[in-house]
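start_38.txt follows (compact mmCIF, C-alpha atoms):
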# COMPACT_ATOMS: atom_id res chain seq x y z
CA MET A 23 94.64 60.45 87.30
CA ILE A 24 93.01 57.00 87.52
CA ASP A 25 95.88 55.75 89.69
CA LEU A 26 95.36 58.66 92.11
CA LEU A 27 91.63 58.05 92.16
CA LEU A 28 92.23 54.40 93.06
CA LEU A 29 94.51 55.49 95.90
CA PHE A 30 91.65 57.44 97.48
CA VAL A 31 89.01 54.74 96.98
CA PRO A 32 89.90 52.65 100.10
CA PHE A 33 89.62 55.72 102.33
CA PHE A 34 86.20 56.65 100.97
CA ALA A 35 85.12 53.00 101.00
CA LEU A 36 85.51 53.05 104.80
CA VAL A 37 83.44 56.24 104.92
CA LEU A 38 80.76 54.56 102.81
CA MET A 39 80.77 51.51 105.07
CA GLY A 40 80.20 53.67 108.13
CA TRP A 41 77.39 55.52 106.36
CA GLY A 42 75.74 52.25 105.36
CA ALA A 43 76.09 50.76 108.84
CA ALA A 44 74.34 53.75 110.40
CA ARG A 45 71.63 54.01 107.74
CA THR A 46 70.74 50.31 108.01
CA GLY A 47 70.80 50.25 111.81
CA VAL A 48 73.75 47.87 112.07
CA LEU A 49 75.48 50.65 113.99
CA PRO A 50 73.01 52.22 116.45
CA LEU A 51 72.93 56.00 116.24
CA VAL A 52 73.43 56.25 119.99
CA GLY A 53 76.80 54.54 119.60
CA ILE A 54 78.22 57.11 117.16
CA GLY A 55 79.02 59.57 119.94
CA ALA A 56 81.14 56.97 121.71
CA MET A 57 83.05 56.22 118.51
CA ASN A 58 83.55 59.94 117.96
CA SER A 59 85.01 60.29 121.47
CA PHE A 60 87.32 57.33 120.93
CA VAL A 61 88.66 58.77 117.68
CA LEU A 62 89.25 62.27 119.06
CA TYR A 63 90.54 61.47 122.54
CA PHE A 64 92.39 58.21 121.87
CA GLY A 65 93.04 57.20 118.25
CA LEU A 66 93.86 60.50 116.53
CA SER A 67 95.41 61.99 119.66
CA ALA A 68 97.78 59.03 119.94
CA MET A 69 98.64 59.30 116.24
CA VAL A 70 99.38 63.03 116.49
CA PHE A 71 101.39 62.66 119.70
CA ARG A 72 103.63 59.94 118.26
CA LEU A 73 104.19 61.87 115.05
CA ALA A 74 104.92 65.08 116.96
CA ALA A 75 107.25 63.28 119.37
CA SER A 76 109.18 61.92 116.38
CA GLY A 77 109.91 65.49 115.25
CA ALA A 78 107.51 65.45 112.30
CA LEU A 79 105.91 68.74 113.41
CA HIS A 80 109.14 70.73 113.16
CA GLN A 81 108.28 72.54 109.95
CA THR A 82 110.47 75.15 108.31
CA GLY A 83 108.65 78.18 106.94
CA LEU A 84 105.72 77.69 109.32
CA LEU A 85 104.90 81.42 109.42
CA GLY A 86 104.50 81.61 105.65
CA LEU A 87 102.35 78.49 105.63
CA LEU A 88 100.13 79.86 108.41
CA LEU A 89 99.69 83.17 106.60
CA ALA A 90 98.89 81.52 103.27
CA TYR A 91 96.31 79.22 104.80
CA GLY A 92 94.85 81.92 107.06
CA VAL A 93 94.41 84.43 104.24
CA ALA A 94 92.76 81.85 102.00
CA GLY A 95 90.44 80.66 104.78
CA SER A 96 89.45 84.24 105.64
CA VAL A 97 88.56 84.97 102.00
CA ILE A 98 86.46 81.81 101.77
CA THR A 99 84.71 82.72 105.02
CA ALA A 100 83.92 86.23 103.74
CA LEU A 101 82.59 84.86 100.44
CA ALA A 102 80.45 82.27 102.25
CA LEU A 103 79.02 84.95 104.57
CA THR A 104 78.20 87.10 101.53
CA TRP A 105 76.44 84.15 99.91
CA ALA A 106 74.48 83.50 103.11
CA ALA A 107 73.38 87.15 103.33
CA ARG A 108 72.19 87.13 99.72
CA GLN A 109 70.23 83.96 100.44
CA GLY A 110 68.44 85.80 103.24
CA LEU A 111 69.86 83.60 105.99
CA SER A 112 70.07 84.82 109.55
CA ARG A 113 73.49 85.61 110.95
CA ARG A 114 73.32 82.47 113.05
CA ASP A 115 72.63 80.24 110.05
CA GLY A 116 75.06 82.20 107.87
CA GLY A 117 77.88 81.97 110.40
CA LEU A 118 77.57 78.20 110.70
CA ALA A 119 77.21 77.78 106.92
CA ALA A 120 80.38 79.85 106.44
CA LEU A 121 82.24 77.77 109.00
CA THR A 122 81.14 74.61 107.21
CA THR A 123 82.39 76.04 103.92
CA ALA A 124 85.81 77.10 105.26
CA PHE A 125 86.56 74.32 107.78
CA PRO A 126 88.02 71.17 106.15
CA ASN A 127 87.66 67.75 107.72
CA THR A 128 91.28 67.64 108.83
CA GLY A 129 90.82 65.41 111.86
CA PHE A 130 88.66 62.55 110.65
CA LEU A 131 89.75 62.51 106.99
CA GLY A 132 92.76 64.78 106.49
CA LEU A 133 95.19 63.31 109.00
CA PRO A 134 94.65 59.67 107.97
CA LEU A 135 94.47 60.42 104.25
CA LEU A 136 97.29 62.95 103.91
CA THR A 137 99.74 61.11 106.17
CA GLY A 138 98.96 57.91 104.28
CA LEU A 139 99.38 59.64 100.93
CA LEU A 140 102.32 61.96 101.61
CA GLY A 141 103.99 60.38 104.63
CA PRO A 142 104.60 61.55 108.23
CA GLN A 143 106.11 64.84 107.01
CA ALA A 144 102.57 65.95 106.14
CA VAL A 145 101.70 66.29 109.83
CA GLY A 146 103.52 69.61 110.31
CA PRO A 147 101.56 71.53 107.67
CA VAL A 148 98.34 69.79 108.70
CA ALA A 149 98.93 71.00 112.26
CA ALA A 150 99.08 74.53 110.87
CA THR A 151 95.61 74.11 109.36
CA VAL A 152 94.20 72.95 112.69
CA LEU A 153 95.58 76.04 114.44
CA VAL A 154 94.01 78.40 111.90
CA ASP A 155 90.69 76.54 111.61
CA VAL A 156 90.12 76.04 115.32
CA LEU A 157 91.56 79.23 116.78
CA LEU A 158 90.79 81.79 114.04
CA LEU A 159 88.00 80.78 111.68
CA SER A 160 85.81 79.03 114.25
CA SER A 161 86.00 82.03 116.58
CA LEU A 162 85.19 84.51 113.80
CA CYS A 163 82.24 82.51 112.45
CA LEU A 164 80.78 81.90 115.89
CA ALA A 165 81.14 85.58 116.76
CA TRP A 166 79.23 86.42 113.57
CA ALA A 167 76.59 83.82 114.41
CA HIS A 168 76.09 85.38 117.83
CA SER A 169 76.15 88.99 116.62
CA ASP A 170 72.40 89.12 115.91
CA ARG A 171 71.61 88.24 119.52
CA TYR A 172 74.25 89.93 121.67
CA GLN A 173 75.63 93.39 122.35
CA ALA A 174 79.28 94.21 121.64
CA SER A 175 80.46 93.25 125.13
CA GLU A 176 78.69 89.91 124.87
CA GLU A 177 80.18 89.34 121.41
CA ARG A 178 83.63 89.59 122.96
CA ARG A 179 82.51 87.09 125.55
CA ALA A 180 81.30 84.78 122.75
CA ILE A 181 84.74 84.97 121.11
CA GLN A 182 86.41 84.18 124.42
CA THR A 183 84.08 81.24 124.96
CA SER A 184 84.78 79.84 121.49
CA LEU A 185 88.53 80.24 122.06
CA LYS A 186 88.28 78.37 125.34
CA GLY A 187 86.37 75.61 123.58
CA ALA A 188 89.04 75.48 120.88
CA LEU A 189 91.78 75.14 123.47
CA ARG A 190 90.00 72.04 124.80
CA ASN A 191 90.56 70.32 121.45
CA PRO A 192 92.53 67.14 122.28
CA LEU A 193 94.44 67.28 119.00
CA LEU A 194 95.98 70.63 119.95
CA TRP A 195 97.06 69.25 123.32
CA SER A 196 98.50 66.08 121.80
CA MET A 197 100.46 68.19 119.32
CA GLY A 198 101.84 70.38 122.07
CA LEU A 199 102.80 67.45 124.30
CA GLY A 200 104.40 65.61 121.39
CA MET A 201 106.44 68.66 120.39
CA ALA A 202 107.55 69.13 124.00
CA ALA A 203 108.64 65.49 124.16
CA ALA A 204 110.61 65.96 120.94
CA GLU A 205 112.30 69.13 122.21
CA LEU A 206 113.25 67.48 125.50
CA HIS A 207 114.36 64.30 123.72
CA LEU A 208 112.08 62.23 125.93
CA SER A 209 111.49 58.58 125.14
CA LEU A 210 108.49 56.75 126.52
CA PRO A 211 108.75 53.35 128.18
CA HIS A 212 108.22 50.58 125.64
CA PRO A 213 104.85 49.38 127.05
CA VAL A 214 103.46 52.94 126.97
CA ASP A 215 104.75 53.57 123.46
CA GLU A 216 103.27 50.25 122.32
CA VAL A 217 99.85 51.23 123.66
CA LEU A 218 100.06 54.54 121.78
CA ARG A 219 101.16 52.72 118.63
CA LEU A 220 98.16 50.41 118.75
CA LEU A 221 95.82 53.33 119.34
CA ALA A 222 97.42 55.26 116.47
CA GLN A 223 96.97 52.28 114.15
CA SER A 224 93.26 52.21 114.97
CA ALA A 225 92.84 55.92 114.20
CA THR A 226 92.58 55.73 110.41
CA PRO A 227 89.92 53.01 109.92
CA VAL A 228 87.84 54.02 112.94
CA ALA A 229 87.97 57.74 112.07
CA LEU A 230 86.85 57.14 108.49
CA PHE A 231 84.13 54.67 109.52
CA THR A 232 82.90 57.11 112.18
CA LEU A 233 82.89 59.94 109.64
CA GLY A 234 80.51 57.96 107.44
CA ALA A 235 78.28 57.18 110.42
CA MET A 236 78.20 60.87 111.40
CA LEU A 237 77.19 61.84 107.86
CA ALA A 238 74.38 59.27 107.97
CA ARG A 239 73.24 60.58 111.35
CA SER A 240 73.08 64.15 110.02
CA GLN A 241 71.11 62.97 107.01
CA LEU A 242 68.68 60.98 109.16
CA ALA A 243 68.25 63.93 111.53
CA ARG A 244 67.34 66.18 108.62
CA MET A 245 64.82 63.62 107.32
CA THR A 246 63.31 63.25 110.79
CA ALA A 247 62.93 67.02 111.10
CA ALA A 248 61.20 67.16 107.71
CA HIS A 249 58.77 64.41 108.72
CA ARG A 250 58.10 66.19 111.99
CA ASP A 251 57.19 69.36 110.07
CA VAL A 252 54.85 67.32 107.88
CA ASP A 253 53.19 65.75 110.91
CA SER A 254 52.65 69.14 112.51
CA GLU A 255 50.75 70.31 109.45
CA SER A 256 48.50 67.23 109.39
CA ASP A 257 45.61 66.96 111.82
CA VAL A 258 45.11 63.63 113.53
CA GLY A 259 41.67 63.21 112.01
CA GLU A 260 42.70 63.87 108.40
CA SER A 261 42.31 61.17 105.82
CA ALA A 262 45.34 59.35 104.48
CA ASP A 263 44.98 60.99 101.06
CA LYS A 264 44.84 64.46 102.55
CA ALA A 265 47.81 63.76 104.80
CA THR A 266 49.79 62.56 101.80
CA ALA A 267 48.89 65.72 99.91
CA VAL A 268 50.00 67.85 102.87
CA ALA A 269 53.25 65.89 103.09
CA GLY A 270 53.95 66.42 99.40
CA THR A 271 53.17 70.13 99.66
CA SER A 272 55.38 70.53 102.74
CA THR A 273 58.26 68.68 101.13
CA ALA A 274 57.98 70.84 98.02
CA LYS A 275 57.94 74.00 100.15
CA ALA A 276 60.97 72.83 102.11
CA ARG A 277 62.92 72.10 98.93
CA ALA A 278 61.93 75.44 97.43
CA ALA A 279 62.91 77.34 100.60
CA ALA A 280 66.21 75.56 101.13
CA PRO A 281 69.08 77.39 99.41
CA ALA A 282 71.08 75.44 96.85
CA VAL A 283 74.50 74.47 98.17
CA TRP A 284 76.40 74.19 94.90
CA LEU A 285 78.22 77.48 95.54
CA PRO A 286 79.51 76.56 99.04
CA THR A 287 80.56 73.19 97.58
CA LEU A 288 82.47 74.94 94.78
CA LEU A 289 84.06 77.37 97.24
CA LYS A 290 85.21 74.54 99.48
CA LEU A 291 86.49 72.04 96.94
CA GLY A 292 87.60 74.38 94.15
CA LEU A 293 88.40 77.91 95.26
CA HIS A 294 89.74 77.17 98.74
CA PRO A 295 92.71 75.04 97.62
CA ALA A 296 93.37 77.40 94.69
CA LEU A 297 93.56 80.36 97.07
CA VAL A 298 95.92 78.53 99.42
CA TRP A 299 98.29 77.68 96.57
CA GLY A 300 98.06 81.19 95.12
CA ALA A 301 98.57 82.89 98.49
CA GLY A 302 101.60 80.75 99.20
CA GLN A 303 103.15 81.56 95.83
CA LEU A 304 102.42 85.26 96.29
CA LEU A 305 103.90 85.41 99.79
CA GLY A 306 107.03 83.68 98.57
CA THR A 307 107.65 85.70 95.40
CA VAL A 308 106.35 89.16 96.39
CA LEU A 309 107.01 89.38 100.13
CA GLY A 310 109.98 87.05 100.20
CA LEU A 311 108.62 84.86 102.98
CA ALA A 312 109.86 81.30 103.22
CA VAL A 313 106.99 79.11 102.00
CA PRO A 314 108.32 75.59 101.41
CA THR A 315 106.81 73.96 98.34
CA ALA A 316 106.30 70.61 100.04
CA GLY A 317 104.45 72.20 102.95
CA LEU A 318 102.35 74.34 100.61
CA LEU A 319 101.37 71.24 98.65
CA VAL A 320 100.12 69.58 101.85
CA LEU A 321 98.18 72.71 102.82
CA THR A 322 96.58 72.87 99.39
CA MET A 323 95.48 69.25 99.62
CA ALA A 324 94.16 69.91 103.14
CA ALA A 325 92.12 72.84 101.84
CA ALA A 326 90.69 70.54 99.16
CA LEU A 327 89.22 68.26 101.84
CA PRO A 328 85.44 68.21 102.32
CA SER A 329 83.73 70.12 105.11
CA ALA A 330 84.25 69.02 108.71
CA SER A 331 81.44 66.74 109.86
CA ASN A 332 81.54 67.92 113.49
CA VAL A 333 80.22 71.35 112.44
CA SER A 334 76.77 69.73 112.21
CA MET A 335 76.88 69.02 115.95
CA LEU A 336 77.99 72.60 116.60
CA ALA A 337 75.13 73.89 114.46
CA GLU A 338 72.67 71.82 116.47
CA ARG A 339 74.06 73.19 119.73
CA GLU A 340 73.83 76.76 118.41
CA GLY A 341 70.27 76.30 117.17
CA ALA A 342 71.28 76.94 113.55
CA ASP A 343 69.93 75.33 110.38
CA THR A 344 71.33 71.82 110.75
CA GLY A 345 69.75 70.72 107.48
CA LEU A 346 71.70 73.33 105.51
CA VAL A 347 74.96 72.46 107.28
CA ALA A 348 74.38 68.73 106.74
CA ARG A 349 73.74 69.22 103.02
CA ILE A 350 76.99 71.15 102.56
CA ILE A 351 78.89 68.43 104.41
CA LEU A 352 77.26 65.63 102.43
CA TRP A 353 77.77 67.25 99.03
CA THR A 354 81.39 68.22 99.66
CA THR A 355 82.17 64.75 100.99
CA ALA A 356 80.53 62.99 98.05
CA ALA A 357 82.24 65.19 95.46
CA SER A 358 85.65 65.24 97.13
CA LEU A 359 86.63 61.76 95.93
CA LEU A 360 86.88 63.18 92.42
CA THR A 361 88.12 66.66 93.31
CA LEU A 362 90.88 65.39 95.61
CA ALA A 363 92.16 63.13 92.85
CA LEU A 364 91.99 66.06 90.43
CA TRP A 365 93.95 68.36 92.76
CA ALA A 366 96.52 65.64 93.41
CA HIS A 367 96.90 65.27 89.64
CA LEU A 368 97.22 69.03 89.06
CA LEU A 369 99.81 69.37 91.85
CA ASN A 370 101.73 66.34 90.60
CA VAL A 371 101.43 64.57 93.95
CA ARG A 372 103.53 61.45 94.29
CA PRO A 373 102.49 59.03 97.06
CA ALA A 374 105.08 58.50 99.79
CA GLY A 375 106.95 55.22 99.86
Would you kindly transcribe this structure into structure tokens?
Amino acid sequence: MIDLLLLFVPFFALVLMGWGAARTGVLPLVGIGAMNSFVLYFGLSAMVFRLAASGALHQTGLLGLLLAYGVAGSVITALALTWAARQGLSRRDGGLAALTTAFPNTGFLGLPLLTGLLGPQAVGPVAATVLVDVLLLSSLCLAWAHSDRYQASEERRAIQTSLKGALRNPLLWSMGLGMAAAELHLSLPHPVDEVLRLLAQSATPVALFTLGAMLARSQLARMTAAHRDVDSESDVGESADKATAVAGTSTAKARAAAPAVWLPTLLKLGLHPALVWGAGQLLGTVLGLAVPTAGLLVLTMAAALPSASNVSMLAEREGADTGLVARIILWTTAASLLTLALWAHLLNVRPAG
């Protein structure tokens, strides 16, 4: 267990460094978007393309893996929506909170961590998670988030819009192009392949560093919003003592009104991977579907990842409660160092190489 924990420490140390750089101002917040674009469109895309072109995405039993992961994700989404409704959240806030609970951070954390831990063969199952998360769960949660504002015809349009947005995901395109190159037995010219190799090598450290910076930005945005609410309740002519009292009262009200996020954290880090493993075992033994054990192990570890950090940007665009989304992301990320090591121990994971 301790050995597994130490294996994960360097990955999370890079996340912590990015968080510290953004919180202290060493990395300007305006520069995080550029780093995010580099990781998505260059670093991770190059990594996925090269792995796909090498044949790593050719996964036996892909249908069983997709079903196991999709069923588990759908159950987590339904449970998160139920929790949100019982907390009195609007459908918009509930839909984004559910998406945060069900959507693991596959791109920025999962790909670097799982390929480093389990080897290139982990890419195939991880690709299956991206398909389900981006094409299915994101569309369902966004449709639910829009359902309190639109009629049925417009809900269908919202689903179509979210699907179109999902299809613009550069990781999906890099997977498809890499798989096509593998099928056609294409080999890139050495200079081009060398450029892709260098970009792929940059993906892991930059993605993890950027993840930490994005978490810090979400935290700072939530703090800024809280201060703005305090300022709006304080008149310009109030005394300092009265303003401080108002600030304390407002902060207390905000904390009392904000729902606790321990249940979404437990659903994400505990129940989600358990459901994936259980669904895979059930599909294999009861329905007789081919669910390879190695692929199911990767999917289970992917489900144990913390919530995707880019959902906070989506919540901001949708006008949802960004503070709630940010807290789920922060808590799942902080706790996942221990829970990932625990799941790796329970599943008897052996690092590649």
Residues within 10 Å of A:Pro227, all atoms listed in the file, excluding chain neighbours under 5 positions, as number ranges by chain | A: 32-33, 36-37, 40, 61, 65, 130-131, 134, 232-233
Distance of atom CA of A:Leu87 from atom CA of A:Thr307, expressed in Å to one decimal place =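 Going from atom CA of A:Thr307 over to atom CA of A:Leu87 covers 13.6 Å.
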Calculate how many Å separate atom CA of A:Ser96 from atom CA of A:Ala356, rounding to one decimal.
->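 Result for atom CA of A:Ser96 versus atom CA of A:Ala356: 24.3 Å, one decimal.
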Between A:Val347, A:Leu135, A:Leu289, A:Met245, which is the closest to A:Met323 once you count all atoms listed in the file?
->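 Of all the options, A:Leu135 lies closest to A:Met323.
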Long-range neighbours of A:Pro147 as number ranges by chain, 10 Å cut-off, all atoms listed in the file, 2 positions minimum in chain = A: 78-84, 87-88, 91, 143-145, 149-152, 316-322, 324
Exercise: residues within 8 Å of coordinate (93.6, 60.7, 119.7), counting all atoms listed in the file, as a VMD selection string = chain A and resid 60 to 70 192 to 193 196 221 to 222 225
Take the residues from that selection and write them out as a PDB file, in the coordinates of the input, keeping C-alpha atoms.
ATOM      1  CA  PHE A  60      87.320  57.330 120.930  1.00  0.00           C
ATOM      2  CA  VAL A  61      88.660  58.770 117.680  1.00  0.00           C
ATOM      3  CA  LEU A  62      89.250  62.270 119.060  1.00  0.00           C
ATOM      4  CA  TYR A  63      90.540  61.470 122.540  1.00  0.00           C
ATOM      5  CA  PHE A  64      92.390  58.210 121.870  1.00  0.00           C
ATOM      6  CA  GLY A  65      93.040  57.200 118.250  1.00  0.00           C
ATOM      7  CA  LEU A  66      93.860  60.500 116.530  1.00  0.00           C
ATOM      8  CA  SER A  67      95.410  61.990 119.660  1.00  0.00           C
ATOM      9  CA  ALA A  68      97.780  59.030 119.940  1.00  0.00           C
ATOM     10  CA  MET A  69      98.640  59.300 116.240  1.00  0.00           C
ATOM     11  CA  VAL A  70      99.380  63.030 116.490  1.00  0.00           C
ATOM     12  CA  PRO A 192      92.530  67.140 122.280  1.00  0.00           C
ATOM     13  CA  LEU A 193      94.440  67.280 119.000  1.00  0.00           C
ATOM     14  CA  SER A 196      98.500  66.080 121.800  1.00  0.00           C
ATOM     15  CA  LEU A 221      95.820  53.330 119.340  1.00  0.00           C
ATOM     16  CA  ALA A 222      97.420  55.260 116.470  1.00  0.00           C
ATOM     17  CA  ALA A 225      92.840  55.920 114.200  1.00  0.00           C
TER      18      ALA A 225
END
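Atom CA of A:His294 sits 22.0 Å away from atom CA of A:Arg113.
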Contact residues around stretch 114-129 of chain A with only C-alpha atoms at 6 Å, ignoring same-chain residues under 4 positions, as a VMD selection string | chain A and resid 95 98 to 99 102 to 103 106 133 163 166 to 167 286 290 327 to 330 342 to 343 347
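Nearest to A:Glu216 of all the residues A:Asp25, A:Gly310, A:Arg72, A:Pro295 is A:Arg72, counting only C-alpha atoms.
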Report, as AutoDock Vina command-line options, the axis-aligned box around all atoms of stretch 330-334 of chain A present in the file, extended by 5 Å on each side; give centre and edge lengths in Å to one decimal place.
--center_x 80.5 --center_y 69.0 --center_z 111.1 --size_x 17.5 --size_y 14.6 --size_z 14.8
Considering only C-alpha atoms, return as a count of residues only whatever protein or nucleic-acid residues lie within 12 Å of A:Ile24, sequence-local ones (same chain, fewer than 5 positions apart) excluded.
-> 10
Which is closer to A:Leu49 than all the others in A:Thr137, A:Arg239, A:Ala165, A:Trp195, using all atoms listed in the file?
-> A:Arg239
Please provide the set of residues having any atom within 10 Å of A:Leu153, restricted to only C-alpha atoms, with same-chain residues fewer than 5 positions apart removed, written as a ChimeraX atom specification.
-> /A:88,92,148,158-159,188-189,193-194
